[in-house]
Amino acid sequence: MSMNEQYASAVGGANELKEGRSMEAYTDLAGTDHAEVSKDRTREKTVGKPLLESAKMSTRNVKVFYDDKQVLFDVNLDIGANEVIAMIGPSGCGKSTFLRCLNRMNDTIDSCRVEGDLTLDGQNIYDPKLDVVPLRARVGMVFQKPNPFPKSIYDNVAYGPRIHGLVDHRAELDEVVETSLKRAGLWEEVKDRLHQPGTGLSGGQQQRLCIARTIAVSPEVILMDEPCSALDPIATARIEELIAELSENFTIAIVTHSMQQAARVSSRTAYFHLGKLIEVNDTEVVFTNPQHKLTEAYITGRFG
Amino acid sequence: MNFSTIFAIVVLMIGLGYLLGRGRSVQLAGQIGGVRHLNSLPFYYGALIALWCAIPSLLIFMGWIVFDDIIIRSMVVAELPAQYQQMSAAEQSLLVNSLENIAAGVHFGEPEPALQEAANRLLSLQTASRWSLAGVVISTALAALVIGWTRMSPQYKARVHVETVFKGLLLTSSLIAIFTTVGIVLSVLFEALRFFRAVPFTEFVFGLEWSPQTAIRADQVGSSGAFGAVPLFVGTLVISAIAMLVAVPTGLMSAIYLSEYASRRVRAWVKPALEVLAGIPTVVYGFFAALTVAPFVRNLGEAMGLDVSSESALAAGVVMGVMIIPFVSSLSDDVISAVPQSMRDGSLALGATRSETVKQVIVPAALPGIVGGVLLAVSRAIGETMIVVMAAGLAANLTANPLETVTTVTVQIVTLLVGDQEFNSPKTLAAFALGLMLFVITLCLNFLALHVVKKYREQYE
Ligand SMILES: Nc1ncnc2c1ncn2[C@@H]1O[C@H](COP(=O)(O)OP(=O)(O)O)[C@@H](O)[C@H]1O
Ligand SMILES: [Mg+2]
């Protein structure tokens with residue numbers, strides 16, 4: 001069975017596409033032969049509202065390759081200031097890769113090559129002259145598995161402010177650590193043991209420590225790659241609450257495998273499929289009235 | 001029948017036991033509807049019978065080989081005429097050797113009748129011993145075969161028994177290692193104690209002068225000998241410290257380069273090259289130290305107006321450091337590579353540069369392993385012999401000046417034991433005392449290494 005047929009059956013054999021999109025475009029998007037697809041890229045267009053009038057970050061025609069294998073195809077997406085945008089899609093569709101483009105973490109992978117225009121406040125972040133150090137301070141990242149450093153809780157949070165020289169003396173640093181931990185909702189639990197190792201905390205606490213560590217350098221954008229996938233439901237709920245609080249001050253892009261989570265925390269949702277950005281819409285629209293068959297198939301749990 | 005034939009027969013019987021056990025279990029299984037109705041796989045029945053064959057008969061075999069000689073010798077000596085009975089133990093052992101030669105027909109002239117008779121007796125006792133060994137061992141193995149065969153049933157828990165034996169085997173292996181260590185320590189300890197009877201312990205440990213030339217004849221003058229080990233330990237310390245000064249930074253930094261910065265291609269070249277360095281025999285390093293580095297250091301020192309002796313601690317220490325570089329770098333490389341990628345990602349995502357990440361995250365996370373590796377390297381430096389024998393010199397100077405000649409504990413052990421010495425002289429025995437001290441120091445170092453590693457573990461886990 002070819003991939004096309006698989007998807008056709010996955011979406012329940014429906015041949016008609018919503019919004020009058022041609023069958024051709026549909027099979028094209030789900031097609032296996034990427035080379036052919038990219039030749040014909042004029043035909044594919046992300047459904048919904050990927051672009052915004054004023055964007056914090058914007059990406060145009062982003063293509064990513066690992067060696068010669070292309071894993072992202074012409075992604076165009078705007079991320080608005082102070083919004084929470086969720087990225088969903090089946091495993092391996094390129095969500096993490098896309099997220100890591102936004103703070104150039106892909107630079108650390110030798111085989112990875114990124115093409116296209118990516119900007120933060122209108123400034124090209126892939127400019128060869130640009131220094132990634134301040135970029136990563138402005139665009140922070142929280143990973144799938146909590147990864148506190150093998151240092152004390154205090155030193156974990158103080159790490160960023162120290163390397164960026166954000167504070168002049170100890171009292172200031174103490175204050176940054178305290179406010180960061182408070183904003184990450186961890187202060188009450190750890191204030192009496194700041195000098196014990198961060199690795200001794202529970203998984204959920206570790207993840208909040210990582211969030212505190214990230215916000216300690218006052219980023220503008222926070223990228224989160226499945227931040228709750230290693231946590232239990234209670235710790236997950238705690239982090240989701242935290243995301244809602246943080247969205248007042250930060251722009252957040254979150255990759256998640258849980259559709260409930262996307263529905264709960266985000267205001268916009270982007271659906272990726274096989275390296276293509278299929279649909280971007282307000283979260284409510286995506287979950288109640290998806291405009292693309294593939295999105296619908298995914299959110300109704302028919303594949304993924 | 002000699003020992004190897006007996007051994008071969010036993011091994012054959014063990015193999016036979018395996019086949020019989022296996023075959024019998026398959027046969028039993030056939031009667032009750034297949035192998036899956038057996039308690040254990042046929043392999044375990046075979047293995048169990050083989051083990052029953054092997055363990056008692058091989059134990060008897062080994063015990064016999066060990067004690068057979070002693071018993072036969074004492075029996076032969078007991079029958080000798082009274083004049084031989086009064087001899088010292090050493091002379092008696094020589095006598096038995098000559099009896100063996102007579103028995104083998106190697107002798108000059110006609111031996112005394114008493115000795116000839118004893119030799120014949122020796123021969124016949126030996127033959128009898130071998131035949132009875134063969135009888136005992138083979139019947140033991142046979143008995144094991146028969147008992148195994150009769151006790152075998154489909155319910156028999158062969159697997160459990162084989163597991164038990166296997167566990168015992170593993171335990172024995174680790175015990176062998178431990179007992180060997182204990183044996184070595186004890187033998188060194190006893191010789192060292194003999195030395196301390198001649199030279200007081202305090203004089204040895206705190207004495208500042210080392211000149212082990214004792215008088216061979218009573219009428220020799222000016223050679224009473226001084227056995228103060230402090231200059232040797234200071235020399236060892238100086239050379240090891242120089243070696244560590246060279247090896248630790250270089251090794252650690254090359255490990256960091258290899259694991260954090262080098263591209264895959266560079267790594268593929270540099271790592272094997274470093275391992276070649278580890279494969280150079282220490283004697284070759286010794287040449288290099290004595291013929292190339294020492295003169296170079298001397299010339300350099302002279303050019304700078306310093307007084308450098310031609311066998312300086314500096315030359316030996318530097319070369320020893322070079323020798324240890326691959327040791328430090330490969331151990332550190334392993335622990336650095338074992339630091340999870342997520343640590344690097346976490347640090348880089350906060351905007352840290354690579355070197356900040358290395359300094360503040362990677363090295364601290366890898367520190368227990370690095371410290372362990374460094375302490376192991378120190379043990380190596382302290383125990384290293386060949387380079388210092390060739391390059392460091394023999395004069396026991398009490399100095400911390402790396403430009404002077406010093407000598408080390410290992411060098412002195414070598415010089416004390418090389419050459420014609422009476423084994424009982426304090427001069428020779430001093431080598432054992434030095435060896436014991438060296439062992440104690442290395443032991444303390446390893447203990448410290450473990451302690452440090454454990455402390456960091458607790459902190460980071
Ligand atoms: N370091 C890498 N080297 C090569 N291929 C990679 C690498 N990381 C990811 N990929 C490939 O890129 C594709 C997208 O991966 P990823 O972005 O991790 O997907 P997602 O996060 O959506 O599950 C997958 O096909 C994956 O196999
Ligand atoms: Mg992912």
# chains A, B, ... in the order shown; residues from 1 in each chain; ligands from 1

$ residues_near_ligand --ligand "ligand 1" --cutoff "7 Å" --atoms "only C-alpha atoms and all ligand atoms" --output "MDAnalysis selection string"
chainID A and resid 66 71 89:98 109 111:112

$ write_last_selection --atoms "all heavy atoms" --output "mmCIF file, in the first residue's frame"
data_model
loop_
_atom_site.group_PDB
_atom_site.id
_atom_site.type_symbol
_atom_site.label_atom_id
_atom_site.label_comp_id
_atom_site.auth_asym_id
_atom_site.auth_seq_id
_atom_site.Cartn_x
_atom_site.Cartn_y
_atom_site.Cartn_z
ATOM 1 N N TYR A 66 18.914 17.255 7.046
ATOM 2 C CA TYR A 66 19.946 16.523 7.792
ATOM 3 C C TYR A 66 20.755 15.790 6.745
ATOM 4 O O TYR A 66 20.233 14.896 6.082
ATOM 5 C CB TYR A 66 19.326 15.525 8.777
ATOM 6 C CG TYR A 66 18.679 16.189 9.975
ATOM 7 C CD1 TYR A 66 17.298 16.184 10.133
ATOM 8 C CD2 TYR A 66 19.454 16.814 10.939
ATOM 9 C CE1 TYR A 66 16.704 16.785 11.229
ATOM 10 C CE2 TYR A 66 18.877 17.418 12.037
ATOM 11 C CZ TYR A 66 17.499 17.404 12.177
ATOM 12 O OH TYR A 66 16.932 17.997 13.264
ATOM 13 N N VAL A 71 13.871 17.514 5.882
ATOM 14 C CA VAL A 71 12.836 17.169 6.856
ATOM 15 C C VAL A 71 11.830 18.294 7.065
ATOM 16 O O VAL A 71 10.798 18.078 7.684
ATOM 17 C CB VAL A 71 13.429 16.750 8.217
ATOM 18 C CG1 VAL A 71 14.304 15.527 8.069
ATOM 19 C CG2 VAL A 71 14.198 17.874 8.858
ATOM 20 N N GLY A 89 1.415 17.418 15.749
ATOM 21 C CA GLY A 89 1.634 16.606 14.561
ATOM 22 C C GLY A 89 2.239 15.277 14.948
ATOM 23 O O GLY A 89 2.768 15.124 16.048
ATOM 24 N N PRO A 90 2.159 14.327 14.050
ATOM 25 C CA PRO A 90 2.684 12.994 14.372
ATOM 26 C C PRO A 90 4.196 13.024 14.621
ATOM 27 O O PRO A 90 4.877 13.942 14.167
ATOM 28 C CB PRO A 90 2.363 12.154 13.139
ATOM 29 C CG PRO A 90 1.705 13.040 12.161
ATOM 30 C CD PRO A 90 1.549 14.398 12.716
ATOM 31 N N SER A 91 4.697 12.035 15.316
ATOM 32 C CA SER A 91 6.134 11.950 15.599
ATOM 33 C C SER A 91 6.941 11.986 14.311
ATOM 34 O O SER A 91 6.559 11.368 13.328
ATOM 35 C CB SER A 91 6.464 10.633 16.301
ATOM 36 O OG SER A 91 6.049 10.703 17.611
ATOM 37 N N GLY A 92 8.048 12.687 14.352
ATOM 38 C CA GLY A 92 8.945 12.694 13.212
ATOM 39 C C GLY A 92 8.539 13.660 12.126
ATOM 40 O O GLY A 92 9.144 13.684 11.063
ATOM 41 N N CYS A 93 7.510 14.496 12.378
ATOM 42 C CA CYS A 93 7.067 15.406 11.323
ATOM 43 C C CYS A 93 7.901 16.668 11.299
ATOM 44 O O CYS A 93 7.714 17.505 10.426
ATOM 45 C CB CYS A 93 5.593 15.734 11.493
ATOM 46 S SG CYS A 93 5.261 16.696 12.969
ATOM 47 N N GLY A 94 8.785 16.859 12.254
ATOM 48 C CA GLY A 94 9.682 18.004 12.184
ATOM 49 C C GLY A 94 9.371 19.122 13.160
ATOM 50 O O GLY A 94 9.937 20.210 13.051
ATOM 51 N N LYS A 95 8.532 18.878 14.143
ATOM 52 C CA LYS A 95 8.193 19.934 15.107
ATOM 53 C C LYS A 95 9.421 20.381 15.881
ATOM 54 O O LYS A 95 9.714 21.577 15.990
ATOM 55 C CB LYS A 95 7.127 19.433 16.107
ATOM 56 C CG LYS A 95 5.900 18.840 15.480
ATOM 57 C CD LYS A 95 4.940 18.280 16.508
ATOM 58 C CE LYS A 95 5.492 17.133 17.342
ATOM 59 N NZ LYS A 95 5.646 15.859 16.649
ATOM 60 N N SER A 96 10.160 19.403 16.423
ATOM 61 C CA SER A 96 11.348 19.758 17.208
ATOM 62 C C SER A 96 12.359 20.470 16.335
ATOM 63 O O SER A 96 12.977 21.456 16.743
ATOM 64 C CB SER A 96 12.001 18.515 17.799
ATOM 65 O OG SER A 96 11.103 17.855 18.638
ATOM 66 N N THR A 97 12.535 19.956 15.126
ATOM 67 C CA THR A 97 13.493 20.567 14.214
ATOM 68 C C THR A 97 13.128 22.022 13.968
ATOM 69 O O THR A 97 13.981 22.916 14.015
ATOM 70 C CB THR A 97 13.511 19.780 12.887
ATOM 71 O OG1 THR A 97 13.835 18.421 13.172
ATOM 72 C CG2 THR A 97 14.515 20.364 11.925
ATOM 73 N N PHE A 98 11.856 22.262 13.740
ATOM 74 C CA PHE A 98 11.409 23.643 13.489
ATOM 75 C C PHE A 98 11.680 24.513 14.716
ATOM 76 O O PHE A 98 12.220 25.613 14.612
ATOM 77 C CB PHE A 98 9.925 23.657 13.132
ATOM 78 C CG PHE A 98 9.411 25.039 12.877
ATOM 79 C CD1 PHE A 98 9.803 25.737 11.739
ATOM 80 C CD2 PHE A 98 8.579 25.664 13.782
ATOM 81 C CE1 PHE A 98 9.361 27.031 11.510
ATOM 82 C CE2 PHE A 98 8.135 26.958 13.562
ATOM 83 C CZ PHE A 98 8.532 27.644 12.414
ATOM 84 N N ILE A 109 24.143 20.620 15.638
ATOM 85 C CA ILE A 109 24.151 19.335 14.931
ATOM 86 C C ILE A 109 24.884 19.530 13.608
ATOM 87 O O ILE A 109 24.468 20.311 12.756
ATOM 88 C CB ILE A 109 22.716 18.841 14.681
ATOM 89 C CG1 ILE A 109 22.002 18.688 16.018
ATOM 90 C CG2 ILE A 109 22.718 17.534 13.906
ATOM 91 C CD1 ILE A 109 20.536 18.399 15.899
ATOM 92 N N SER A 111 25.288 17.823 10.949
ATOM 93 C CA SER A 111 24.707 17.450 9.664
ATOM 94 C C SER A 111 23.527 18.332 9.283
ATOM 95 O O SER A 111 22.991 18.195 8.200
ATOM 96 C CB SER A 111 24.255 15.992 9.724
ATOM 97 O OG SER A 111 23.246 15.854 10.692
ATOM 98 N N CYS A 112 23.141 19.243 10.181
ATOM 99 C CA CYS A 112 21.902 19.977 9.949
ATOM 100 C C CYS A 112 22.151 21.270 9.163
ATOM 101 O O CYS A 112 23.064 22.024 9.457
ATOM 102 C CB CYS A 112 21.266 20.296 11.293
ATOM 103 S SG CYS A 112 19.645 21.027 11.129
#

$ closest_atom_pairs --of "chain A" --to "chain B" --cutoff "8 Å" --atoms "only C-alpha atoms" --output "Markdown table"
| residue | atom | partner | partner_atom | distance |
| --- | --- | --- | --- | --- |
| A:Asn103 | CA | B:Ala349 | CA | 7.6 |
| A:Met105 | CA | B:Ala349 | CA | 6.8 |
| A:Val132 | CA | B:Gly351 | CA | 7.1 |
| A:Val133 | CA | B:Gly351 | CA | 4.4 |
| A:Pro134 | CA | B:Gly351 | CA | 6.4 |
| A:Leu135 | CA | B:Gly351 | CA | 7.3 |
| A:Arg136 | CA | B:Gly351 | CA | 4.7 |
| A:Ala137 | CA | B:Gly351 | CA | 5.1 |
| A:Gly140 | CA | B:Ala349 | CA | 6.1 |
| A:Met141 | CA | B:Ala349 | CA | 5.9 |
| A:Val142 | CA | B:Gly346 | CA | 7.8 |
| A:Phe143 | CA | B:Gly346 | CA | 7.7 |
| A:Asn147 | CA | B:Ser342 | CA | 6.0 |
| A:Pro148 | CA | B:Met343 | CA | 7.4 |
| A:Phe149 | CA | B:Met343 | CA | 6.3 |
| A:Pro150 | CA | B:Tyr460 | CA | 5.2 |
| A:Lys151 | CA | B:Tyr460 | CA | 7.1 |
| A:Gly160 | CA | B:Leu350 | CA | 6.0 |
| A:Ile163 | CA | B:Ala352 | CA | 6.6 |
| A:His164 | CA | B:Gly351 | CA | 7.9 |
| A:Pro197 | CA | B:Tyr460 | CA | 6.5 |
| A:Thr199 | CA | B:Glu461 | CA | 6.2 |
| A:Gly200 | CA | B:Glu461 | CA | 6.6 |
| A:Thr214 | CA | B:Leu350 | CA | 6.6 |
| A:Val217 | CA | B:Leu350 | CA | 7.7 |

$ select_by_dssp --residues "range 28-255 of chain A" --states "strand (DSSP E or B)" --output "PyMOL selection string"
chain A and resi 47-48+57-66+69-79+84-88+112-120+123-124+139-142+152+197+221-225+251-255

$ residues_around --residues "Ala253 in chain A" --least-positions-apart "4" --cutoff "9 Å" --atoms "only C-alpha atoms" --output "list in words"
Ile79, Glu83, Val84, Ile85, Ala86, Met87, Leu99, Val221, Ile222, Leu223, Met224, Asp225 and Ser266 of chain A

$ closest_residue --among "A:Glu248, A:Glu226, A:Asp282, A:Asp67" --to "ligand 2" --atoms "only C-alpha atoms and all ligand atoms"
A:Glu226

$ select_by_dssp --residues "range 76-251 of chain A" --states "helix (DSSP H, G or I)" --output "PyMOL selection string"
chain A and resi 95-101+105-108+132-138+153-163+170-183+187-190+198-200+203-215+233-246

$ atom_distance --atom1 "CA of Ala50 in chain B" --atom2 "CA of Ser139 in chain B"
14.5 Å

$ residues_around --residues "Asn82 in chain A" --least-positions-apart "3" --cutoff "12 Å" --atoms "only C-alpha atoms" --output "ChimeraX atom specification"
/A:54-57,79,85,219-222,243-253,266-268

$ residues_around --residues "Thr408 in chain B" --least-positions-apart "3" --cutoff "12 Å" --atoms "only C-alpha atoms" --output "number ranges by chain"
B: 210, 229-240, 313, 316-317, 381-398, 405, 411-415, 434-435, 438

$ write_last_selection --atoms "C-alpha atoms" --output "mmCIF file, in the first residue's frame"
data_model
loop_
_atom_site.group_PDB
_atom_site.id
_atom_site.type_symbol
_atom_site.label_atom_id
_atom_site.label_comp_id
_atom_site.auth_asym_id
_atom_site.auth_seq_id
_atom_site.Cartn_x
_atom_site.Cartn_y
_atom_site.Cartn_z
ATOM 1 C CA TRP B 210 70.125 6.641 52.031
ATOM 2 C CA ALA B 229 63.970 6.286 52.890
ATOM 3 C CA VAL B 230 62.943 9.951 52.966
ATOM 4 C CA PRO B 231 65.213 11.024 50.054
ATOM 5 C CA LEU B 232 63.737 8.273 47.901
ATOM 6 C CA PHE B 233 60.178 9.254 48.644
ATOM 7 C CA VAL B 234 60.962 12.910 48.087
ATOM 8 C CA GLY B 235 62.572 11.989 44.773
ATOM 9 C CA THR B 236 59.538 9.952 43.785
ATOM 10 C CA LEU B 237 57.303 12.817 44.795
ATOM 11 C CA VAL B 238 59.280 15.370 42.786
ATOM 12 C CA ILE B 239 59.295 13.273 39.642
ATOM 13 C CA SER B 240 55.642 12.309 39.950
ATOM 14 C CA ALA B 313 64.443 14.976 37.808
ATOM 15 C CA ALA B 316 62.595 12.058 33.776
ATOM 16 C CA GLY B 317 59.437 13.733 35.057
ATOM 17 C CA ALA B 381 53.672 7.608 37.945
ATOM 18 C CA ILE B 382 54.736 6.498 41.405
ATOM 19 C CA GLY B 383 55.095 2.897 40.357
ATOM 20 C CA GLU B 384 56.801 3.637 37.040
ATOM 21 C CA THR B 385 60.288 2.159 36.958
ATOM 22 C CA MET B 386 61.943 1.968 33.581
ATOM 23 C CA ILE B 387 62.017 5.648 32.673
ATOM 24 C CA VAL B 388 63.461 6.653 36.006
ATOM 25 C CA VAL B 389 65.975 3.831 36.003
ATOM 26 C CA MET B 390 67.287 5.129 32.708
ATOM 27 C CA ALA B 391 66.915 8.851 33.200
ATOM 28 C CA ALA B 392 66.710 9.844 36.843
ATOM 29 C CA GLY B 393 69.981 8.648 38.257
ATOM 30 C CA LEU B 394 70.966 6.788 41.376
ATOM 31 C CA ALA B 395 72.128 9.430 43.794
ATOM 32 C CA ALA B 396 69.758 9.742 46.705
ATOM 33 C CA ASN B 397 69.690 13.493 47.072
ATOM 34 C CA LEU B 398 67.296 15.014 49.499
ATOM 35 C CA THR B 405 69.656 14.307 40.226
ATOM 36 C CA VAL B 411 64.883 2.671 40.987
ATOM 37 C CA GLN B 412 66.363 1.732 44.343
ATOM 38 C CA ILE B 413 64.368 -1.486 44.499
ATOM 39 C CA VAL B 414 65.829 -2.449 41.161
ATOM 40 C CA THR B 415 69.403 -1.607 42.098
ATOM 41 C CA LEU B 434 60.445 -0.104 50.024
ATOM 42 C CA GLY B 435 58.006 -2.227 48.053
ATOM 43 C CA LEU B 438 55.043 1.859 47.877
#

$ closest_residue --among "A:Lys45, A:Asp168, A:Ser229, A:Pro50" --to "ligand 2" --atoms "only C-alpha atoms and all ligand atoms"
A:Ser229

$ closest_residue --among "A:Ala171, A:Ile153, A:Val47, A:Val265" --to "Val280 in chain A" --atoms "only C-alpha atoms"
A:Val47

$ residues_around --residues "Thr46 in chain A" --least-positions-apart "2" --cutoff "9 Å" --atoms "only C-alpha atoms" --output "number ranges by chain"
A: 44, 48-50, 75-76, 276-280

$ residues_around --residues "Leu16 in chain B" --least-positions-apart "3" --cutoff "10 Å" --atoms "only C-alpha atoms" --output "mmCIF file with all heavy atoms, in the first residue's frame"
data_model
loop_
_atom_site.group_PDB
_atom_site.id
_atom_site.type_symbol
_atom_site.label_atom_id
_atom_site.label_comp_id
_atom_site.auth_asym_id
_atom_site.auth_seq_id
_atom_site.Cartn_x
_atom_site.Cartn_y
_atom_site.Cartn_z
ATOM 1 N N VAL B 10 40.333 -37.748 32.659
ATOM 2 C CA VAL B 10 39.284 -37.080 33.433
ATOM 3 C C VAL B 10 38.487 -36.138 32.534
ATOM 4 O O VAL B 10 37.250 -36.124 32.560
ATOM 5 C CB VAL B 10 39.894 -36.313 34.624
ATOM 6 C CG1 VAL B 10 38.836 -35.471 35.311
ATOM 7 C CG2 VAL B 10 40.493 -37.287 35.604
ATOM 8 N N VAL B 11 39.205 -35.392 31.707
ATOM 9 C CA VAL B 11 38.500 -34.449 30.822
ATOM 10 C C VAL B 11 37.569 -35.202 29.894
ATOM 11 O O VAL B 11 36.408 -34.817 29.686
ATOM 12 C CB VAL B 11 39.514 -33.609 30.023
ATOM 13 C CG1 VAL B 11 38.812 -32.825 28.932
ATOM 14 C CG2 VAL B 11 40.239 -32.666 30.945
ATOM 15 N N LEU B 12 38.059 -36.324 29.359
ATOM 16 C CA LEU B 12 37.207 -37.140 28.491
ATOM 17 C C LEU B 12 35.950 -37.578 29.227
ATOM 18 O O LEU B 12 34.844 -37.550 28.691
ATOM 19 C CB LEU B 12 37.980 -38.367 28.008
ATOM 20 C CG LEU B 12 38.834 -38.134 26.763
ATOM 21 C CD1 LEU B 12 39.527 -39.437 26.378
ATOM 22 C CD2 LEU B 12 37.936 -37.650 25.620
ATOM 23 N N MET B 13 36.154 -37.992 30.500
ATOM 24 C CA MET B 13 34.999 -38.474 31.266
ATOM 25 C C MET B 13 34.010 -37.342 31.525
ATOM 26 O O MET B 13 32.801 -37.577 31.566
ATOM 27 C CB MET B 13 35.463 -39.086 32.579
ATOM 28 C CG MET B 13 36.218 -40.377 32.330
ATOM 29 S SD MET B 13 36.641 -41.215 33.846
ATOM 30 C CE MET B 13 35.045 -41.718 34.427
ATOM 31 N N LEU B 19 27.511 -35.619 27.677
ATOM 32 C CA LEU B 19 26.712 -36.261 26.628
ATOM 33 C C LEU B 19 25.703 -37.222 27.237
ATOM 34 O O LEU B 19 24.530 -37.245 26.854
ATOM 35 C CB LEU B 19 27.634 -36.999 25.665
ATOM 36 C CG LEU B 19 28.531 -36.076 24.836
ATOM 37 C CD1 LEU B 19 29.443 -36.877 23.939
ATOM 38 C CD2 LEU B 19 27.664 -35.107 24.021
ATOM 39 N N LEU B 20 26.169 -37.999 28.247
ATOM 40 C CA LEU B 20 25.274 -38.969 28.887
ATOM 41 C C LEU B 20 24.094 -38.254 29.534
ATOM 42 O O LEU B 20 22.938 -38.652 29.363
ATOM 43 C CB LEU B 20 26.036 -39.756 29.946
ATOM 44 C CG LEU B 20 26.881 -40.921 29.431
ATOM 45 C CD1 LEU B 20 27.599 -41.593 30.595
ATOM 46 C CD2 LEU B 20 25.986 -41.919 28.710
ATOM 47 N N GLY B 21 24.382 -37.200 30.290
ATOM 48 C CA GLY B 21 23.328 -36.488 30.998
ATOM 49 C C GLY B 21 22.315 -35.919 30.037
ATOM 50 O O GLY B 21 21.110 -36.052 30.212
ATOM 51 N N ARG B 22 22.845 -35.348 28.993
ATOM 52 C CA ARG B 22 21.968 -34.746 27.998
ATOM 53 C C ARG B 22 21.116 -35.806 27.330
ATOM 54 O O ARG B 22 19.884 -35.696 27.244
ATOM 55 C CB ARG B 22 22.850 -34.080 26.949
ATOM 56 C CG ARG B 22 22.253 -32.865 26.336
ATOM 57 C CD ARG B 22 23.089 -32.461 25.145
ATOM 58 N NE ARG B 22 22.147 -32.279 24.056
ATOM 59 C CZ ARG B 22 21.547 -31.114 23.828
ATOM 60 N NH1 ARG B 22 21.844 -30.080 24.535
ATOM 61 N NH2 ARG B 22 20.659 -31.019 22.861
ATOM 62 N N GLY B 46 22.957 -32.276 31.223
ATOM 63 C CA GLY B 46 24.302 -32.618 30.773
ATOM 64 C C GLY B 46 25.343 -31.882 31.590
ATOM 65 O O GLY B 46 26.294 -32.468 32.128
ATOM 66 N N ILE B 49 25.777 -33.212 35.245
ATOM 67 C CA ILE B 49 26.560 -34.446 35.392
ATOM 68 C C ILE B 49 28.029 -34.170 35.103
ATOM 69 O O ILE B 49 28.922 -34.654 35.801
ATOM 70 C CB ILE B 49 25.983 -35.550 34.477
ATOM 71 C CG1 ILE B 49 24.594 -35.890 34.999
ATOM 72 C CG2 ILE B 49 26.890 -36.765 34.480
ATOM 73 C CD1 ILE B 49 24.049 -37.196 34.553
ATOM 74 N N ALA B 50 28.286 -33.341 34.095
ATOM 75 C CA ALA B 50 29.683 -32.988 33.805
ATOM 76 C C ALA B 50 30.321 -32.331 35.028
ATOM 77 O O ALA B 50 31.457 -32.647 35.397
ATOM 78 C CB ALA B 50 29.734 -32.056 32.604
ATOM 79 N N CYS B 53 31.119 -34.811 37.699
ATOM 80 C CA CYS B 53 32.337 -35.523 37.331
ATOM 81 C C CYS B 53 33.546 -34.656 37.636
ATOM 82 O O CYS B 53 34.548 -35.120 38.169
ATOM 83 C CB CYS B 53 32.333 -35.776 35.827
ATOM 84 S SG CYS B 53 31.814 -37.390 35.389
ATOM 85 N N LEU B 145 29.303 -40.214 37.613
ATOM 86 C CA LEU B 145 28.496 -40.522 36.434
ATOM 87 C C LEU B 145 27.316 -41.406 36.816
ATOM 88 O O LEU B 145 26.162 -41.145 36.458
ATOM 89 C CB LEU B 145 29.343 -41.263 35.405
ATOM 90 C CG LEU B 145 30.210 -40.434 34.470
ATOM 91 C CD1 LEU B 145 30.838 -41.349 33.422
ATOM 92 C CD2 LEU B 145 29.364 -39.390 33.799
#
